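Trainee: Can you read through this structure? Questions will come right after.
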Amino acid sequence: MKIWKMIGAGVLTLMMAMPAQAQVEDTYAKDGDVVTVTRYYEDGSVREVGTFKNDKPDGRWVEYTREGDIKTEAIYANGEKEGKWFVWTEDGEYLYEVVYQDNKLKNASRWKIEDKDAIANN
C-alpha cells in the first residue's frame, strides 16, 4: 500500500508541476463576403490560415509546421482545388508541386531540395 501512496504522490506532483495547456480557439475575421480563418496548434502557434467565400474555401490556404515553416500552400476557387499547390515533406527533403485545373489533377512534380540553407537565405 505504501508504494501506491508514493506513486500517487509522484503523479500528483508531476501534474501540478506541468503548465496548463489552454486550448487555443480558431479565429475568424470577416471582411465583406470573405472570412479569414486562422487555426492554431495547442501551443498557440499558427497551424493554418485560409479564406472562405460563400461558405467554401476560396483563395490561398497555408498550413504551417509547429516551427512556423510552410508545410502546404494551396489555392481554392469557389471550394475547388485550382492552380499550383506546393507541399514540403516533413523532413524538408522534397518539394512537390501539384497543379489543379477545374478541381482535377493536371500535373505533379517533385524536387529534391539539395541545399535548404541556400534556398532559405535567398
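Residue numbers start at 1 in each chain; chains themselves are named A, B, ... in the order of the C-alpha cells; ligands are numbered from 1 in the order shown.
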Enumerate, as a PyMOL selection string, the complete set of residues in segment 9-107 of chain A that a backbone-based DSSP assignment places in helix (DSSP H, G or I).

Mentor: chain A and resi 9-17

Trainee: Store the residues of this selection in a file with N, CA and C atoms, as a compact mmCIF listing (two decimals), in the first residue's frame.

Mentor:
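The file below, part33.txt, is the result:
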```txt
# COMPACT_ATOMS: atom_id res chain seq x y z
N ALA A 9 1.49 10.19 -5.03
CA ALA A 9 2.09 11.48 -4.68
C ALA A 9 2.99 11.97 -5.81
N GLY A 10 3.74 11.05 -6.43
CA GLY A 10 4.61 11.42 -7.55
C GLY A 10 3.82 11.91 -8.75
N VAL A 11 2.74 11.21 -9.07
CA VAL A 11 1.90 11.62 -10.20
C VAL A 11 1.27 12.98 -9.92
N LEU A 12 0.77 13.17 -8.71
CA LEU A 12 0.16 14.44 -8.35
C LEU A 12 1.19 15.58 -8.44
N THR A 13 2.40 15.33 -8.00
CA THR A 13 3.46 16.34 -8.08
C THR A 13 3.75 16.70 -9.53
N LEU A 14 3.86 15.68 -10.39
CA LEU A 14 4.12 15.93 -11.81
C LEU A 14 2.98 16.72 -12.45
N MET A 15 1.75 16.37 -12.12
CA MET A 15 0.60 17.07 -12.69
C MET A 15 0.59 18.53 -12.28
N MET A 16 0.95 18.81 -11.05
CA MET A 16 0.94 20.19 -10.57
C MET A 16 2.11 20.97 -11.15
N ALA A 17 3.20 20.30 -11.46
CA ALA A 17 4.38 20.98 -11.99
C ALA A 17 4.23 21.30 -13.47
```

Trainee: Near Asn103 of chain A, within 6 Å and counting only C-alpha atoms, which residues show up once chain neighbours fewer than 4 positions away are dropped, as a PyMOL selection string?

Mentor: chain A and resi 80-82

Trainee: Could you turn the residues from that selection into a file that holds N, CA, C and O atoms, as an mmCIF file, in the first residue's frame?

Mentor:
```cif
data_model
loop_
_atom_site.group_PDB
_atom_site.id
_atom_site.type_symbol
_atom_site.label_atom_id
_atom_site.label_comp_id
_atom_site.auth_asym_id
_atom_site.auth_seq_id
_atom_site.Cartn_x
_atom_site.Cartn_y
_atom_site.Cartn_z
ATOM 1 N N GLU A 80 -13.169 24.609 -54.897
ATOM 2 C CA GLU A 80 -12.481 23.596 -55.709
ATOM 3 C C GLU A 80 -10.982 23.880 -55.776
ATOM 4 O O GLU A 80 -10.552 25.028 -55.770
ATOM 5 N N LYS A 81 -10.214 22.797 -55.860
ATOM 6 C CA LYS A 81 -8.762 22.923 -55.980
ATOM 7 C C LYS A 81 -8.441 23.568 -57.326
ATOM 8 O O LYS A 81 -9.006 23.203 -58.350
ATOM 9 N N GLU A 82 -7.509 24.532 -57.277
ATOM 10 C CA GLU A 82 -7.189 25.257 -58.501
ATOM 11 C C GLU A 82 -5.745 25.738 -58.455
ATOM 12 O O GLU A 82 -5.243 26.122 -57.399
#
```

Trainee: Write out as a CSV table (one decimal) with N, CA and C atoms, in the first residue's frame each polymer residue whose atoms come within 9 Å of Tyr40 of chain A, counting only C-alpha atoms; drop sequence neighbours fewer than 4 positions from it.

Mentor:
```csv
chain,number,residue,atom,x,y,z
A,23,GLN,N,-6.4,25.3,-24.6
A,23,GLN,CA,-6.8,25.1,-26.0
A,23,GLN,C,-6.9,26.5,-26.7
A,24,VAL,N,-6.3,26.7,-27.8
A,24,VAL,CA,-6.4,28.0,-28.5
A,24,VAL,C,-7.5,27.8,-29.5
A,25,GLU,N,-8.4,28.7,-29.4
A,25,GLU,CA,-9.6,28.7,-30.3
A,25,GLU,C,-9.2,29.3,-31.6
A,26,ASP,N,-9.8,28.7,-32.7
A,26,ASP,CA,-9.7,29.2,-34.0
A,26,ASP,C,-10.2,30.6,-34.1
A,27,THR,N,-9.7,31.5,-34.9
A,27,THR,CA,-10.2,32.8,-35.1
A,27,THR,C,-10.8,33.0,-36.5
A,44,GLY,N,-0.4,27.3,-29.3
A,44,GLY,CA,-0.7,28.7,-29.7
A,44,GLY,C,-0.1,29.1,-31.0
A,45,SER,N,0.8,28.3,-31.6
A,45,SER,CA,1.4,28.7,-32.9
A,45,SER,C,0.4,28.4,-34.0
A,46,VAL,N,0.5,29.2,-35.1
A,46,VAL,CA,-0.4,29.1,-36.2
A,46,VAL,C,-0.2,27.8,-36.9
A,47,ARG,N,-1.3,27.1,-37.1
A,47,ARG,CA,-1.3,25.8,-37.9
A,47,ARG,C,-1.8,26.0,-39.3
A,48,GLU,N,-2.8,26.9,-39.5
A,48,GLU,CA,-3.3,27.1,-40.9
A,48,GLU,C,-4.0,28.4,-41.0
```

Trainee: Neighbouring residues of Asp31 of chain A were defined as those with any atom within 12 Å, considering only C-alpha atoms; residues of the same chain fewer than 5 positions away were excluded. Please report them as a ChimeraX atom specification.

Mentor: /A:36-37,51-53

Trainee: DSSP on the backbone, then: every residue of segment 15-101 of chain A marked strand (DSSP E), written as an NGL selection string.

Mentor: :A and (27-31 or 34-40 or 46-53 or 56-57 or 59-64 or 70-77 or 80-81 or 83-88 or 94-101)

Trainee: Using only C-alpha atoms, determine which residues lie at most 6 Å from Asn107 of chain A, disregarding the query and same-chain residues fewer than 2 positions distant; provide the list as a list of chain:residue names.

Mentor: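 Result of the neighbour search: A:Val98, A:Val99, A:Leu105.
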
Trainee: Mind dumping the selected residues with C-alpha atoms as a compact mmCIF listing (two decimals), in the first residue's frame?

Mentor:
```txt
# COMPACT_ATOMS: atom_id res chain seq x y z
CA VAL A 98 0.79 19.78 -57.81
CA VAL A 99 -1.26 21.59 -60.46
CA LEU A 105 -5.12 16.93 -61.03
```

Trainee: Find the residues around Tyr64 of chain A up to 12 Å (only C-alpha atoms counted), leave out those fewer than 3 positions away in its own chain, and share them as a list in words.

Mentor: Thr38, Arg39, Tyr40, Tyr41, Ser45, Val46, Arg47, Glu48, Val49, Gly50, Trp61, Glu67, Gly68, Asp69, Ile70, Lys71, Thr72, Glu73, Ala74, Val87, Trp88, Thr89 and Glu90 of chain A

Trainee: Take atom CA of Gly83 of chain A and atom CA of Gly32 of chain A and report the distance between them in Å, one decimal.

Mentor: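 Value for the atom CA of Gly83 of chain A-atom CA of Gly32 of chain A distance: 24.4 Å.
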
Trainee: Nearest to Asp91 of chain A among A:Lys106, A:Lys56, A:Asp43, A:Ile113, with distances taken over only C-alpha atoms: which residue is it?

Mentor: A:Ile113

Trainee: Interatomic distance between atom CA of Arg60 of chain A and atom CA of Trp111 of chain A?

Mentor: 22.0 Å

Trainee: Given the choices A:Arg110, A:Tyr94, A:Val62, A:Lys104, which gets closest to Ile75 of chain A if the distance is worked out from only C-alpha atoms?

Mentor: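 Smallest distance to Ile75 of chain A is found for A:Val62.
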
Trainee: Please indicate the distance in Å from atom CA of Ser109 of chain A to atom CA of Glu97 of chain A, rounded to one decimal place.

Mentor: 5.1 Å
